[in-house]
Number of protein chains: 2
Amino acid sequence: MSDFSIGVDLGGTNLRIAAVNRDGRLLEKITLGTKVGEGPNQVISDMCDAIQRLTAQHGSDGKLIGAGIGCPGLIDMEAGTVRKSANLPGWADYPVQKEIERRLGIPIFLENDARAAALGEKWFGAGRDVENMVMITLGTGIGGGIILGGKIFHGMNGMAGEFGHVTVEPEGVPCGCGNRGCAERYASATALVRMAKEAIATGQAPRLAQASKGESEFSARTIYELAAQGDEPSQRIFQRFGRALGILLADLVNVLNLDMYVIGGGVVSGWDVFAPAMFQEMCERSIVYAATAPAEIPARGVGAAANIVTRTRRSTIVTKALLGSDAGLFGAARLPVR
Amino acid sequence: MSDFSIGVDLGGTNLRIAAVNRDGRLLEKITLGTKVGEGPNQVISDMCDAIQRLTAQHGSDGKLIGAGIGCPGLIDMEAGTVRKSANLPGWADYPVQKEIERRLGIPIFLENDARAAALGEKWFGAGRDVENMVMITLGTGIGGGIILGGKIFHGMNGMAGEFGHVTVEPEGVPCGCGNRGCAERYASATALVRMAKEAIATGQAPRLAQASKGESEFSARTIYELAAQGDEPSQRIFQRFGRALGILLADLVNVLNLDMYVIGGGVVSGWDVFAPAMFQEMCERSIVYAATAPAEIPARGVGAAANIVTRTRRSTIVTKALLGSDAGLFGAARLPVR
């Protein structure tokens with residue numbers, strides 16, 4: 001007998017619904033395609049059907065506490081709506097939370113997907129042993145979440161954690177947000193492909209050029225594979241990625257001084273090719289990181305900065321996420337647990 | 001009858017001690033020179049004498065709750081020591097908190113001066129009506145403090161709020177912390193003087209050159225006065241200052257989404273010459289600010305970014321501090337109040 005909750009990861013492509021018990025054990029997961037084209041009503045119906053199936057299946061084992069739903073985009077938590085989402089067009093005025101509560105009669109919690117992923121990693125992943133952490137999700141863009149005291153920190157309007165739009169290059173690449181040189185213009189899957197195309201255009205990246213003409217989709221994974229095989233232009237792209245991520249992290253460590261910074265999302269699989277540049281940048285650029293980095297992180301600059309601030313006992317941990325693409329699902333399932 | 005507490009602002013030059021009641025009313029303030037050269041024992045004796053005089057004077061009006069002490073540099077709050085301070089050399093191993101508690105028999109609270117100033121502005125200054133705010137103190141360098149739920153947010157090692165070392169120019173001016181292009185290399189009194197000397201060296205800033213040869217000290221104030229009189233090279237220096245501060249603020253708003261950002265410290269007196277560039281940079285660079293800026297802030301970029309994120313009702317306030325050089329004193333006096 002164990003109470004359980006439902007986590008939903010409502011993406012533009014996949015709709016995933018999971019039953020998770022209080023200890024973070026996955027009881028069952030259902031993966032559906034998201035019928036975005038048929039509008040919110042149909043998607044909500046599919047979601048509710050799946051939640052009811054999971055409840056019927058596992059309801060004899062314990063009480064259903066409620067369901068949490070992680071969605072891409074800007075969530076209006078007061079209204080219970082998806083106010084702005086590139087992946088869920090036309091949902092702005094649909095009363096997501098109220099409608100699902102009406103249909104199922106259980107408490108429903110709406111949350112941004114990157115914030116939900118941060119909560120998932122805190123409770124069941126890399127952040128299990130800390131109360132205060134940041135999670136950075138590297139995907140098409142950069143998502144973010146701040147966890148303080150074990151809970152998502154929302155800020156005044158639920159917008160805290162917009163790490164993707166922190167400036168890392170004041171005169172850099174223009175971003176759709178109106179800024180130039182946003183972190184996600186250098187440290188995301190989209191950015192890797194853009195930088196690869198720029199490298200190809202110089203005529204100095206023959207293997208990337210060849211790969212881009214192949215039959216399969218030219219993606220961040222292709223660039224990673226070339227980098228891992230020793231292709232220097234591809235490695236330089238991942239170094240640029242690592243430096244941008246390092247500047248973002250250095251800023252976050254200087255501002256927040258939290259226990260842990262968890263890096264997740266699909267692109268984190270390129271860790272071995274971008275992490276060295278990332279750590280070097282953090283050591284050089286963050287006085288707080290240099291004073292609190294674990295002893296095993298070797299990099300230029302630590303020595304210099306450590307002379308300014310005496311080294312402390314508790315270390316700043318920067319680490320990979322543990323839950324992979326399930327972080328948001330687990331985090332959503334945690335939302336109803338008070 | 002009103003209980004009161006003692007606030008101490010322990011600077012490298014001045015030692016200020018104030019009795020403040022629970023409502024933030026100043027009962028009496030004593031200003032002494034800090035005898036830094038005579039070591040911590042003498043300075044602590046002077047401080048204790050002043051605290052005892054204030055207690056004798058006001059003790060009949062109410063109960064003394066305790067004393068808070070704001071110090072420049074890195075505070076070890078667990079040990080109750082000033083671990084690293086350029087202004088208080090040789091204090092690292094002196095048990096400040098324990099020694100004062102031993103002499104006076106009242107609870108003593110040690111805090112970094114910029115964090116104390118943030119607490120002062122929250123309780124008795126610009127931030128009276130908000131629970132969550134940031135304060136940026138523009139002085140020789142940049143100090144910072146984050147207030148969450150009405151309290152100072154310390155982070156893991158008491159280092160949260162190192163805003164001065166956030167990167168605003170990745171390939172910019174080297175900083176003593178080991179980084180390049182730190183915010184305080186562009187948005188501080190020191191930075192103003194450096195940028196003025198650079199402008200003089202180009203031969204294109206005749207009025208600055210003339211002022212630098214004058215008998216009086218060539219300071220941030222001189223540059224401000226020239227800018228206010230319409231001297232273009234001086235105005236450009238303050239615009240550079242405003243842009244750097246705007247990048248820092250844009251980053252903070254994107255990361256934290258707090259209710260209020262208070263700008264204090266001596267250099268804030270140049271607000272009229274640096275604020276326009278600061279607000280413009282924030283509007284262009286922060287998607288969160290553009291969505292939450294008060295309607296009266298006119299700047300390029302707001303429109304564009306506001307199309308991405310729908311404007312919300314609650315606004316992000318960026319404003320001048322109200323307590324001037326007393327912010328740290330009032331904040332220190334608030335420390336013992338639970």
# chains A, B, ... in the order shown; residues from 1 in each chain; ligands from 1
$ calpha_fit_and_write --fixed "chain A" --moving "chain B" --output "short mmCIF file (atom, residue, chain, number, x, y, z; two decimals) with C-alpha atoms, in the first residue's frame"
data_model
loop_
_atom_site.label_atom_id
_atom_site.label_comp_id
_atom_site.auth_asym_id
_atom_site.auth_seq_id
_atom_site.Cartn_x
_atom_site.Cartn_y
_atom_site.Cartn_z
CA MET B 1 0.00 -0.04 -0.01
CA SER B 2 1.49 3.25 -1.13
CA ASP B 3 -0.18 6.46 -2.19
CA PHE B 4 0.69 7.53 -5.71
CA SER B 5 0.34 10.47 -8.05
CA ILE B 6 0.19 11.02 -11.79
CA GLY B 7 2.82 12.92 -13.73
CA VAL B 8 2.12 14.18 -17.25
CA ASP B 9 4.72 15.43 -19.72
CA LEU B 10 2.69 17.29 -22.33
CA GLY B 11 5.06 17.94 -25.23
CA GLY B 12 4.39 19.13 -28.74
CA THR B 13 5.16 15.63 -30.08
CA ASN B 14 4.69 13.15 -27.23
CA LEU B 15 2.15 12.97 -24.45
CA ARG B 16 3.49 10.85 -21.61
CA ILE B 17 1.56 9.89 -18.51
CA ALA B 18 3.04 8.05 -15.53
CA ALA B 19 1.90 6.75 -12.17
CA VAL B 20 4.64 7.30 -9.58
CA ASN B 21 4.50 6.38 -5.90
CA ARG B 22 5.58 8.66 -3.04
CA ASP B 23 9.09 7.19 -3.04
CA GLY B 24 9.59 8.01 -6.71
CA ARG B 25 9.09 4.47 -7.97
CA LEU B 26 7.58 4.37 -11.47
CA LEU B 27 4.48 2.14 -11.39
CA GLU B 28 3.55 2.47 -15.06
CA LYS B 29 4.12 4.83 -17.96
CA ILE B 30 1.93 5.42 -21.03
CA THR B 31 3.35 7.18 -24.09
CA LEU B 32 0.99 8.64 -26.69
CA GLY B 33 1.41 10.99 -29.62
CA THR B 34 0.15 14.52 -28.88
CA LYS B 35 -2.64 15.29 -31.36
CA VAL B 36 -1.75 18.99 -31.41
CA GLY B 37 -3.62 19.56 -34.65
CA GLU B 38 -6.91 18.41 -33.14
CA GLY B 39 -6.81 21.10 -30.44
CA PRO B 40 -6.70 21.11 -26.63
CA ASN B 41 -10.03 19.35 -26.15
CA GLN B 42 -8.84 16.17 -27.89
CA VAL B 43 -5.43 16.21 -26.20
CA ILE B 44 -7.06 16.66 -22.78
CA SER B 45 -9.43 13.76 -23.53
CA ASP B 46 -6.52 11.46 -24.42
CA MET B 47 -4.73 12.56 -21.25
CA CYS B 48 -7.76 11.98 -19.03
CA ASP B 49 -8.37 8.52 -20.54
CA ALA B 50 -4.78 7.54 -19.75
CA ILE B 51 -4.99 8.92 -16.21
CA GLN B 52 -8.19 6.93 -15.62
CA ARG B 53 -6.60 3.74 -16.96
CA LEU B 54 -3.60 4.18 -14.65
CA THR B 55 -5.87 4.93 -11.69
CA ALA B 56 -7.97 1.84 -12.35
CA GLN B 57 -4.82 -0.26 -12.65
CA HIS B 58 -3.08 1.00 -9.49
CA GLY B 59 -5.91 2.39 -7.37
CA SER B 60 -6.15 -0.80 -5.33
CA ASP B 61 -2.53 -0.34 -4.20
CA GLY B 62 -3.02 3.11 -2.68
CA LYS B 63 -4.75 6.47 -2.85
CA LEU B 64 -4.33 8.80 -5.85
CA ILE B 65 -3.07 12.15 -4.50
CA GLY B 66 -3.52 14.18 -7.68
CA ALA B 67 -1.86 14.89 -11.01
CA GLY B 68 0.81 17.32 -12.15
CA ILE B 69 1.22 18.43 -15.76
CA GLY B 70 4.45 19.81 -17.19
CA CYS B 71 3.98 21.89 -20.38
CA PRO B 72 6.40 23.78 -22.60
CA GLY B 73 6.00 27.56 -22.56
CA LEU B 74 4.69 30.18 -20.20
CA ILE B 75 2.23 28.90 -17.60
CA ASP B 76 -0.29 31.16 -15.87
CA MET B 77 -0.48 29.30 -12.59
CA GLU B 78 -3.26 31.48 -11.15
CA ALA B 79 -5.52 30.94 -14.15
CA GLY B 80 -4.39 27.35 -14.74
CA THR B 81 -3.68 27.97 -18.41
CA VAL B 82 -0.84 27.61 -20.94
CA ARG B 83 -0.49 31.30 -21.76
CA LYS B 84 2.13 31.14 -24.47
CA SER B 85 3.65 28.05 -26.04
CA ALA B 86 5.28 27.60 -29.44
CA ASN B 87 4.53 23.85 -29.20
CA LEU B 88 0.89 24.19 -28.16
CA PRO B 89 -0.56 26.86 -30.44
CA GLY B 90 -4.11 27.97 -29.69
CA TRP B 91 -4.11 26.84 -26.06
CA ALA B 92 -3.84 30.33 -24.50
CA ASP B 93 -7.48 30.64 -23.44
CA TYR B 94 -8.22 26.98 -22.80
CA PRO B 95 -8.85 26.37 -19.07
CA VAL B 96 -6.54 23.34 -18.87
CA GLN B 97 -6.47 22.93 -15.10
CA LYS B 98 -10.20 23.55 -14.47
CA GLU B 99 -11.27 21.28 -17.34
CA ILE B 100 -9.16 18.32 -16.17
CA GLU B 101 -10.28 18.83 -12.56
CA ARG B 102 -13.90 18.86 -13.77
CA ARG B 103 -13.46 15.64 -15.73
CA LEU B 104 -11.44 13.68 -13.15
CA GLY B 105 -12.35 15.22 -9.79
CA ILE B 106 -8.75 15.22 -8.53
CA PRO B 107 -6.39 18.14 -7.78
CA ILE B 108 -4.45 19.21 -10.90
CA PHE B 109 -1.20 21.23 -10.88
CA LEU B 110 0.16 22.95 -14.00
CA GLU B 111 3.86 23.74 -14.33
CA ASN B 112 6.43 24.73 -16.94
CA ASP B 113 8.24 21.59 -18.18
CA ALA B 114 11.77 22.78 -17.32
CA ARG B 115 10.70 23.76 -13.79
CA ALA B 116 9.03 20.34 -13.44
CA ALA B 117 12.26 18.65 -14.60
CA ALA B 118 14.19 20.56 -11.91
CA LEU B 119 11.75 19.30 -9.28
CA GLY B 120 12.10 15.74 -10.62
CA GLU B 121 15.89 15.82 -10.36
CA LYS B 122 15.66 17.30 -6.86
CA TRP B 123 13.40 14.59 -5.46
CA PHE B 124 14.40 11.50 -7.39
CA GLY B 125 17.57 12.36 -9.34
CA ALA B 126 20.91 14.12 -8.99
CA GLY B 127 19.64 16.58 -6.35
CA ARG B 128 18.18 14.05 -3.88
CA ASP B 129 20.54 15.13 -1.08
CA VAL B 130 20.31 18.92 -1.49
CA GLU B 131 17.57 21.43 -0.75
CA ASN B 132 18.78 24.22 -3.04
CA MET B 133 19.74 23.65 -6.66
CA VAL B 134 19.45 24.87 -10.21
CA MET B 135 18.66 22.70 -13.19
CA ILE B 136 19.60 23.75 -16.72
CA THR B 137 17.92 21.76 -19.50
CA LEU B 138 19.82 21.82 -22.79
CA GLY B 139 17.50 21.06 -25.69
CA THR B 140 16.19 22.99 -28.68
CA GLY B 141 16.68 26.01 -26.40
CA ILE B 142 17.67 26.23 -22.74
CA GLY B 143 15.11 25.62 -20.01
CA GLY B 144 15.70 26.29 -16.36
CA GLY B 145 14.42 25.85 -12.88
CA ILE B 146 15.50 27.01 -9.43
CA ILE B 147 14.75 24.83 -6.41
CA LEU B 148 14.91 26.51 -2.99
CA GLY B 149 14.04 24.61 0.16
CA GLY B 150 13.03 21.63 -1.97
CA LYS B 151 10.39 23.62 -3.86
CA ILE B 152 10.27 25.34 -7.24
CA PHE B 153 11.13 29.05 -6.87
CA HIS B 154 8.77 30.91 -9.18
CA GLY B 155 9.64 34.55 -8.62
CA MET B 156 7.01 37.26 -8.93
CA ASN B 157 5.25 36.08 -12.12
CA GLY B 158 6.42 32.47 -12.41
CA MET B 159 9.25 33.50 -14.74
CA ALA B 160 12.26 32.85 -12.49
CA GLY B 161 14.78 30.58 -14.22
CA GLU B 162 14.90 32.09 -17.73
CA PHE B 163 18.56 31.07 -17.98
CA GLY B 164 18.46 30.67 -21.76
CA HIS B 165 18.23 34.43 -22.18
CA VAL B 166 21.08 35.42 -19.89
CA THR B 167 23.57 37.44 -21.94
CA VAL B 168 26.86 35.61 -22.52
CA GLU B 169 28.02 37.67 -25.53
CA PRO B 170 26.77 41.30 -25.48
CA GLU B 171 27.31 41.83 -29.23
CA GLY B 172 26.54 38.24 -30.15
CA VAL B 173 23.96 36.38 -32.24
CA PRO B 174 20.47 37.97 -32.23
CA CYS B 175 17.78 36.04 -30.35
CA GLY B 176 14.03 35.94 -30.86
CA CYS B 177 13.60 37.47 -27.39
CA GLY B 178 14.99 40.81 -28.61
CA ASN B 179 18.43 40.39 -26.99
CA ARG B 180 21.77 39.51 -28.60
CA GLY B 181 24.15 36.80 -27.42
CA CYS B 182 21.70 34.86 -25.22
CA ALA B 183 23.11 31.68 -23.68
CA GLU B 184 20.79 29.50 -25.76
CA ARG B 185 22.19 30.94 -28.99
CA TYR B 186 25.43 29.06 -28.16
CA ALA B 187 24.52 26.24 -25.78
CA SER B 188 21.58 24.36 -27.30
CA ALA B 189 20.94 21.78 -30.02
CA THR B 190 19.76 24.57 -32.34
CA ALA B 191 22.95 26.52 -31.68
CA LEU B 192 25.15 23.48 -32.43
CA VAL B 193 23.55 23.06 -35.85
CA ARG B 194 23.83 26.81 -36.57
CA MET B 195 27.50 26.88 -35.58
CA ALA B 196 28.15 23.78 -37.72
CA LYS B 197 26.55 25.45 -40.75
CA GLU B 198 28.72 28.52 -40.13
CA ALA B 199 31.80 26.30 -39.96
CA ILE B 200 30.78 24.54 -43.20
CA ALA B 201 30.36 27.92 -44.93
CA THR B 202 33.99 28.78 -44.19
CA GLY B 203 35.08 25.76 -46.21
CA GLN B 204 37.28 24.62 -43.32
CA ALA B 205 35.07 21.81 -42.01
CA PRO B 206 35.07 19.07 -44.68
CA ARG B 207 33.70 16.25 -42.50
CA LEU B 208 30.85 18.42 -41.24
CA ALA B 209 30.15 19.46 -44.84
CA GLN B 210 30.03 15.84 -45.92
CA ALA B 211 27.75 14.85 -43.02
CA SER B 212 25.37 17.71 -43.79
CA LYS B 213 24.85 16.29 -47.28
CA GLY B 214 24.00 12.81 -45.98
CA GLU B 215 20.58 11.27 -46.20
CA SER B 216 19.92 11.33 -42.44
CA GLU B 217 18.96 14.50 -40.60
CA PHE B 218 21.91 16.76 -39.79
CA SER B 219 21.59 17.16 -36.04
CA ALA B 220 23.44 17.91 -32.83
CA ARG B 221 24.08 14.17 -32.55
CA THR B 222 25.92 14.09 -35.90
CA ILE B 223 28.16 16.95 -34.77
CA TYR B 224 28.78 15.19 -31.45
CA GLU B 225 29.76 11.97 -33.17
CA LEU B 226 32.26 13.79 -35.38
CA ALA B 227 33.68 15.61 -32.33
CA ALA B 228 34.01 12.32 -30.45
CA GLN B 229 35.86 10.88 -33.48
CA GLY B 230 38.39 13.71 -33.23
CA ASP B 231 37.11 16.10 -35.93
CA GLU B 232 38.60 19.43 -34.85
CA PRO B 233 36.00 21.81 -36.33
CA SER B 234 33.29 19.79 -34.52
CA GLN B 235 35.29 19.87 -31.29
CA ARG B 236 35.67 23.65 -31.56
CA ILE B 237 31.88 23.97 -31.85
CA PHE B 238 31.42 22.01 -28.62
CA GLN B 239 34.13 24.10 -26.95
CA ARG B 240 32.21 27.26 -27.90
CA PHE B 241 29.11 25.57 -26.47
CA GLY B 242 30.98 24.71 -23.26
CA ARG B 243 32.37 28.22 -22.86
CA ALA B 244 28.93 29.81 -23.22
CA LEU B 245 27.45 27.35 -20.71
CA GLY B 246 30.42 28.06 -18.42
CA ILE B 247 29.74 31.81 -18.50
CA LEU B 248 26.08 31.20 -17.69
CA LEU B 249 27.01 28.86 -14.83
CA ALA B 250 29.67 31.26 -13.50
CA ASP B 251 27.03 34.01 -13.37
CA LEU B 252 24.53 31.72 -11.63
CA VAL B 253 27.09 30.57 -9.05
CA ASN B 254 28.14 34.17 -8.33
CA VAL B 255 24.53 35.26 -7.92
CA LEU B 256 23.00 32.27 -6.13
CA ASN B 257 25.82 30.26 -4.44
CA LEU B 258 23.62 27.14 -4.42
CA ASP B 259 24.69 23.61 -3.50
CA MET B 260 24.18 22.03 -6.90
CA TYR B 261 23.80 22.84 -10.60
CA VAL B 262 22.33 19.96 -12.60
CA ILE B 263 22.73 19.88 -16.38
CA GLY B 264 20.10 17.90 -18.26
CA GLY B 265 18.28 17.69 -21.57
CA GLY B 266 19.15 15.76 -24.72
CA VAL B 267 22.38 17.64 -25.48
CA VAL B 268 23.91 16.66 -22.13
CA SER B 269 24.93 13.43 -23.88
CA GLY B 270 27.76 15.54 -25.34
CA TRP B 271 29.13 16.15 -21.81
CA ASP B 272 32.57 14.65 -22.50
CA VAL B 273 33.24 17.07 -25.36
CA PHE B 274 31.83 20.27 -23.81
CA ALA B 275 32.43 19.83 -20.06
CA PRO B 276 36.19 20.61 -20.01
CA ALA B 277 35.64 24.07 -21.57
CA MET B 278 32.63 24.62 -19.28
CA PHE B 279 34.56 23.86 -16.08
CA GLN B 280 37.54 25.94 -17.19
CA GLU B 281 35.30 28.94 -17.85
CA MET B 282 33.57 28.55 -14.48
CA CYS B 283 36.88 28.39 -12.61
CA GLU B 284 38.20 31.48 -14.37
CA ARG B 285 35.01 33.53 -14.23
CA SER B 286 33.38 32.76 -10.90
CA ILE B 287 35.11 33.88 -7.72
CA VAL B 288 32.50 31.91 -5.79
CA TYR B 289 33.04 28.73 -7.81
CA ALA B 290 36.81 28.99 -7.52
CA ALA B 291 36.43 29.21 -3.75
CA THR B 292 34.00 26.30 -3.55
CA ALA B 293 34.90 23.95 -6.43
CA PRO B 294 35.53 20.33 -5.48
CA ALA B 295 39.26 19.62 -5.14
CA GLU B 296 39.23 17.20 -8.09
CA ILE B 297 38.28 19.87 -10.66
CA PRO B 298 41.56 20.81 -12.31
CA ALA B 299 41.59 24.06 -14.24
CA ARG B 300 43.54 27.23 -14.78
CA GLY B 301 42.42 30.09 -12.62
CA VAL B 302 41.30 28.15 -9.56
CA GLY B 303 44.54 28.91 -7.81
CA ALA B 304 44.42 32.63 -8.50
CA ALA B 305 40.86 33.12 -7.39
CA ALA B 306 41.24 30.78 -4.42
CA ASN B 307 43.85 33.20 -3.11
CA ILE B 308 41.20 35.88 -2.93
CA VAL B 309 38.53 33.85 -1.20
CA THR B 310 39.67 31.18 1.20
CA ARG B 311 38.50 27.73 0.15
CA THR B 312 35.46 26.58 2.10
CA ARG B 313 34.44 23.13 3.19
CA ARG B 314 31.14 22.78 1.33
CA SER B 315 31.62 22.40 -2.41
CA THR B 316 29.61 23.59 -5.39
CA ILE B 317 28.56 20.53 -7.38
CA VAL B 318 28.03 20.77 -11.15
CA THR B 319 26.80 17.47 -12.49
CA LYS B 320 24.78 15.65 -15.14
CA ALA B 321 21.09 14.97 -14.59
CA LEU B 322 20.20 11.36 -13.72
CA LEU B 323 16.62 10.94 -14.92
CA GLY B 324 17.13 11.66 -18.61
CA SER B 325 13.94 12.50 -20.47
CA ASP B 326 11.87 11.29 -17.48
CA ALA B 327 12.90 14.20 -15.22
CA GLY B 328 9.88 16.28 -16.20
CA LEU B 329 7.54 13.33 -15.78
CA PHE B 330 8.80 12.57 -12.27
CA GLY B 331 8.77 16.26 -11.35
CA ALA B 332 5.19 16.62 -12.57
CA ALA B 333 4.22 13.64 -10.42
CA ARG B 334 5.80 15.37 -7.42
CA LEU B 335 3.72 18.54 -7.87
CA PRO B 336 0.62 17.23 -6.01
CA VAL B 337 2.71 15.96 -3.07
CA ARG B 338 2.64 18.54 -0.27
#
